[in-house]
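Okay, so here's the structure we're looking at.
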Amino acid sequence: MSHELLTIGRISVDIYPNDIGVGLEDVNSFGKYLGGSPSNVAVAAARHGRRTAVITRTGDDAFGTYLHRELRKFGVDDSLVTAVKEWPTAVTFCAIKPPDDFPLYFYGRFPTAPDLQIQAAELDLDAIRNAQIFWSTVTGLCQEPSREAHVKAHEARDRDKLRIGQYTILDLDYRPMFWASEEEAREQVARILPHVTVAIGNDKECAVAVGEGTPDEQADRLLAAGVEIAVVKLGPDGVMAKTRTERVVSAPVPVETVNGLGAGDSFGGAFCHGLLSGWPLARVLDYANAAGAIVASRLSCADAMPTPDEVNSLLTERGRLVIDTLIPNGFTTEGATL
């Protein structure tokens with residue numbers, strides 16, 4: 001049976017402080033979690049009852065064992081996760097200083113990391129072709145051999161040969177510390193966009209991909225590149241999705257922010273769930289927006305991913321539509337319009 005969502009790219013052990021509001025120099029204790037954006041997205045979609053898997057690599061070490069265990073705990077297929085003997089599993093520290101200061105500190109990623117050692121020759125191209133949604137990030141293009149693997153994977157997802165209901169999603173996820181320049185990143189994004197049907201990013205990420213401009217201008221450039229759905233995050237103004245015939249905006253869902261990291265991954269997993277459910281774009285966006293808000297109100301990322309009941313509860317509290325929900329046994333429950 002093919003995967004409903006197959007992601008590729010970064011995985012790490014996230015080390016988050018239990019002491020909130022202070023710098024790492026003043027933290028006394030930490031918690032350990034699964035991390036890495038594509039892996040978090042797979043976890044998020046699994047929480048909505050979806051069959052998910054991730055293509056990535058860990059170190060051949062205890063932290064790698066931990067990440068395999070965590071993926072299985074969350075219901076994510078780890079059969080495409082392999083070990084690299086030469087490099088240790090990457091670790092990411094974060095300081096948590098709400099409402100909007102969450103600096104990241106990457107360890108074990110320079111000069112490279114196991115998940116940047118994904119090999120093109122080892123890809124399961126049938127799994128990639130057959131997945132209903134294939135999700136990658138711009139970070140996976142930052143160095144070889146991961147770059148070649150990502151290009152080969154996208155070439156296998158020939159946009160003109162996708163079945164109805166299949167999507168190839170690129171998270172524009174630009175992280176400057178992994179790149180020599182924005183121009184280098186833009187050049188690599190240009191190689192991938194011809195294979196992409198959905199692109200998701202904030203203003204800065206869209207600017208790196210297609211240039212500065214208003215959210216509508218950036219969305220239009222993504223559509224002109226062949227993308228079918230352009231999603232531009234608007235910060236405090238919510239999020240916009242645009243196709244060639246439709247433009248929808250989902251207003252922000254107010255919550256008390258504890259940790260803004262992981263909200264985008266929760267949004268991504270819920271967005272995939274909505275697409276797979278065949279919902280109208282406005283419903284997909286509202287549902288994903290609420291899922292992201294829930295994680296922003298919690299400490300961790302993977303462990304904080306919400307269930308459909310939690311998302312719909314928040315939507316109900318905010319006076320929005322309760323959306324049809326796929327539950328793990330495969331049945332569908334109808335939501336009610338408020």
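Residues are referred to by chain and number: the chain letter is A, B, ... according to the order shown in the structure tokens, the number counts from 1 in that chain, and ligands are numbered separately from 1 in the order shown.
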- Message: Can you tell me, as a VMD selection string, which residues in stretch 5-230 of chain A count as strand (DSSP E or B) by DSSP?
- Response: chain A and resid 5 to 8 12 to 17 30 to 35 52 to 59 76 to 77 81 to 84 91 to 94 97 101 104 to 107 133 to 137 167 to 171 198 to 202 229 to 230
- Query: Any idea what's packed within 12 Å of stretch 217-224 of chain A, counting only C-alpha atoms, ignoring anything in its chain fewer than 5 positions away? Could you give it as a ChimeraX atom specification?
  - Reply: /A:170,172,189-190,192-212,229-234,239-248
- Message: Give me, as a ChimeraX atom specification, all polymer residues having an atom no more than 12 Å from A:Ala121, counting only C-alpha atoms and skipping those fewer than 5 positions away in the same chain.
- Response: /A:145-146,148-153
- Query: Which of these, A:Ala113, A:Ile118, A:Leu281, A:Leu276, has the shortest distance to A:Val54 once you count only C-alpha atoms?
  - Reply: A:Ile118
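Of the listed residues A:Thr56, A:Val41, A:Leu104, A:Leu34, the one whose atoms come nearest to A:Lys73 is A:Leu34, with distances taken using only C-alpha atoms.
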- For atom CA of A:Gln188 and atom CA of A:Cys142, determine how far apart the two atoms are, in Å to one decimal place. 8.1 Å
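As for atom CA of A:Leu275 and atom CA of A:Pro38, they are spaced 17.2 Å apart.
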